[in-house]
Amino acid sequence: MKKQYPLEGLRVLDLSRVLAGPYCTMMLGDLGAEIIKIEAPGVGDDARAFGPFVGEESAYFMSLNRNKKSLTLNLKNEDGKEIFKQLVRQADVVVENYRPGTMEKLGLGYDLLAALNPRLIYTAISGFGNTGPYRRKAAYDVVVQGMGGIMSITGFPDGLPTRVGASIGDINAALFGTIGLLAALNRRNITGLGQMVDVAMLDCQVAMLENAITRYEVTGDVPKRLGNRHPSITPFTAVAAMDGHMVLAIGNDHLWGQFCTLVNRPDLVTDPLYRNNRARTENWTTLEPLLEVIFRQRTIAEWIAALESIGVPCGPINTIDKVLQDRQVLARNMIEEAVHPLAGKMRMAGSPIKLSDAPELVVRAPSPTLGQHGAEILAELLGLDAAAIRILQEKGAI
C-alpha cells in the first residue's frame, strides 16, 4: 500500500506572513495539506523583502513557504473579498496572523466566515491574543521573548538579558497553533462543526517557562540568568575542552560517581560539597573551576568517546555548518533540497515529524513566486476562465 501524507485532502487558506503563521502552514503543507497562500498583489508576504537573497529571491521566504501555492488577492477590494469568501466555502482551515481586529475591519472576521462555512477551523496567531488589555498591541519575537520572561533567565549572570538565538517567540506560537488547529479538526470529526483557535505569542512564551514558575512559587526567589548550567541538575552545562566547547549532562549521582572514576578524582564522590546532586548544585561556584581544569586536558572527540563509554550524555557545540554535515542529522533526512525556478537549489531543514505510514521526505515543491498559482486556483476552484481573470486583474482584485 502506497504511503500517504496524513493531511492529504485538507485545504488551508493561508493569510499569514513573515514567520509564525507561515511556519504553522509550512508544517501543515509538509504533512500533505493543500496550502493556498493568499498575498497582497504586487508586494506579497513581507518576508519576500527579507535577506539573504539569491538574485532577487528571498532565501528567508523560501525557507518558510515550501509546499504552498500563491494567489494574490486584494482583500480591500470588493471583488477580491468575494473571491476570498468563495474560497472559504471550499476550505477546511484559515490561518492568519494579523493584529486582532484587522479581519473584522476588512469585513472578514471569524463570525462571518463561520456563517459561510460552519465546518471552518479559523486559526488566529497574534502577539497577545483576541482578549485581554494588550490585544491591540503589536508584537515581534523579541518583544514577547522580553515580556514572557525567557530573556530574564537567558545569558550569564554578569551579562545582559539575552534573546534566544532562534525566533522561538514566533516558532513556539506556530507549534502551539498547529496543535490547536489539529485538535479542532479532530473535534470537527465528532461534531461536524469548526471553531476558532486563538493563539498568542506571549501565552506560548509563558507556557514554555518550564520549571521557572515552579521554582519561584516554591522558593519565592526570582529565577535569574545562570549561563549554560541547569538550575537543578549539576553538572549539566557547557565546558571548554582542549580544542573547543562541548556540553555534558550528568543527571544523577551514579553517573557522577562514574565520571569521577573516569577522571581519577574519587575524592569528589565523597566530598560533602559534591557527593550528591543537591550539594553540587549549591556549590557550583567551587565545582566549576575544578571541572575547567579537568576538561582542558583532552579534545572534544576524546571526551565524547570517554564520556559515552560510561553512559554520560554529551556532545559538541556545533556551528551551523557542522550541523548541516552531521551524520545523524543527514541520516534522519533533516536537510532537504528544493529547486526554485528562479533561485535554483536551496537546502533547508526537513520535518522532525517521522510517521511510519507517510513518506519521510516532505519537500515536494519549492516556495512559490508571487501569484504563481493564481490562474490555476481560480480556474480549478471557482471555474473562472482567462477572460474573467483578466477582468479581475484590471479591477485590482488580484
# chains A, B, ... in the order shown; residues from 1 in each chain; ligands from 1

call {"tool": "residues_around", "arguments": {"residues": "region 250-266 of chain A", "least_positions_apart": "6", "cutoff": "12 Å", "atoms": "only C-alpha atoms", "output": "ChimeraX atom specification"}}
result
/A:229-230,232-238,274-281,290-291,293-298,303,305-314

call {"tool": "select_by_dssp", "arguments": {"residues": "region 157-364 of chain A", "states": "strand (DSSP E or B)", "output": "ChimeraX atom specification"}}
result
/A:196-200,236-241,244-249,314-316,335-340,344-349

call {"tool": "residues_around", "arguments": {"residues": "region 120-129 of chain A", "least_positions_apart": "6", "cutoff": "6 Å", "atoms": "only C-alpha atoms", "output": "MDAnalysis selection string"}}
result
chainID A and resid 92:97 99 135 139 194:202

call {"tool": "select_by_dssp", "arguments": {"residues": "region 133-233 of chain A", "states": "alpha helix (DSSP H)", "output": "PyMOL selection string"}}
result
chain A and resi 141-147+168-191+201-207+212-219

call {"tool": "write_last_selection", "arguments": {"atoms": "C-alpha atoms", "output": "CSV table (one decimal), in the first residue's frame"}}
result
chain,number,residue,atom,x,y,z
A,141,ASP,CA,9.6,37.9,18.5
A,142,VAL,CA,11.9,39.9,20.6
A,143,VAL,CA,9.0,41.7,22.3
A,144,VAL,CA,7.4,38.6,23.5
A,145,GLN,CA,10.7,37.0,24.5
A,146,GLY,CA,11.2,40.0,26.7
A,147,MET,CA,7.7,40.2,28.1
A,168,ILE,CA,11.3,31.0,19.5
A,169,GLY,CA,8.6,33.6,20.2
A,170,ASP,CA,7.3,33.0,16.6
A,171,ILE,CA,8.1,29.4,16.2
A,172,ASN,CA,6.6,28.4,19.6
A,173,ALA,CA,3.4,30.1,18.6
A,174,ALA,CA,3.4,28.3,15.2
A,175,LEU,CA,3.8,24.9,17.0
A,176,PHE,CA,1.0,25.6,19.5
A,177,GLY,CA,-1.1,27.0,16.7
A,178,THR,CA,-0.6,23.8,14.7
A,179,ILE,CA,-1.5,21.6,17.8
A,180,GLY,CA,-4.7,23.7,18.4
A,181,LEU,CA,-5.7,23.5,14.8
A,182,LEU,CA,-5.3,19.8,14.6
A,183,ALA,CA,-7.2,19.4,17.9
A,184,ALA,CA,-10.0,21.5,16.4
A,185,LEU,CA,-10.0,19.3,13.3
A,186,ASN,CA,-10.3,16.2,15.5
A,187,ARG,CA,-13.3,17.8,17.3
A,188,ARG,CA,-14.9,18.6,13.9
A,189,ASN,CA,-14.7,14.9,13.1
A,190,ILE,CA,-17.1,14.3,16.1
A,191,THR,CA,-19.4,17.4,15.9
A,201,MET,CA,2.8,34.5,21.2
A,202,LEU,CA,3.0,35.8,24.8
A,203,ASP,CA,0.9,32.9,26.1
A,204,CYS,CA,3.2,30.5,24.4
A,205,GLN,CA,6.3,32.1,26.0
A,206,VAL,CA,4.7,31.7,29.4
A,207,ALA,CA,3.8,28.1,28.7
A,212,ALA,CA,11.0,28.7,36.3
A,213,ILE,CA,7.4,29.4,37.5
A,214,THR,CA,7.6,26.4,39.9
A,215,ARG,CA,10.9,27.5,41.3
A,216,TYR,CA,9.5,30.9,42.0
A,217,GLU,CA,6.3,29.6,43.6
A,218,VAL,CA,8.2,27.2,45.8
A,219,THR,CA,11.1,29.3,46.9

call {"tool": "atom_distance", "arguments": {"atom1": "CA of Met27 (chain A)", "atom2": "CA of Ile335 (chain A)"}}
result
15.0 Å

call {"tool": "atom_distance", "arguments": {"atom1": "CA of Lys105 (chain A)", "atom2": "CA of Gly132 (chain A)"}}
result
18.9 Å

call {"tool": "atom_distance", "arguments": {"atom1": "CA of Gln328 (chain A)", "atom2": "CA of Glu210 (chain A)"}}
result
27.4 Å

call {"tool": "residues_around", "arguments": {"residues": "Ser356 (chain A)", "least_positions_apart": "3", "cutoff": "9 Å", "atoms": "only C-alpha atoms", "output": "list in words"}}
result
Lys3, Pro359 and Glu360 of chain A

call {"tool": "closest_residue", "arguments": {"among": "A:Met334, A:Ser367, A:Lys37, A:Leu31", "to": "Pro352 (chain A)", "atoms": "only C-alpha atoms"}}
result
A:Met334

call {"tool": "closest_residue", "arguments": {"among": "A:Val239, A:Ala115, A:Ala386, A:Leu10", "to": "Asp30 (chain A)", "atoms": "only C-alpha atoms"}}
result
A:Leu10

call {"tool": "closest_residue", "arguments": {"among": "A:Leu248, A:Cys24, A:Val43, A:Val222", "to": "Gly315 (chain A)", "atoms": "only C-alpha atoms"}}
result
A:Leu248

call {"tool": "closest_residue", "arguments": {"among": "A:Val329, A:Pro118, A:Gly32, A:Asp14", "to": "Leu193 (chain A)", "atoms": "only C-alpha atoms"}}
result
A:Pro118

call {"tool": "residues_around", "arguments": {"residues": "Asn117 (chain A)", "least_positions_apart": "3", "cutoff": "9 Å", "atoms": "only C-alpha atoms", "output": "PyMOL selection string"}}
result
chain A and resi 88-92+112-114+120+194

call {"tool": "closest_residue", "arguments": {"among": "A:Gly192, A:Gly109, A:Gly155, A:Gly371", "to": "Ile36 (chain A)", "atoms": "only C-alpha atoms"}}
result
A:Gly371
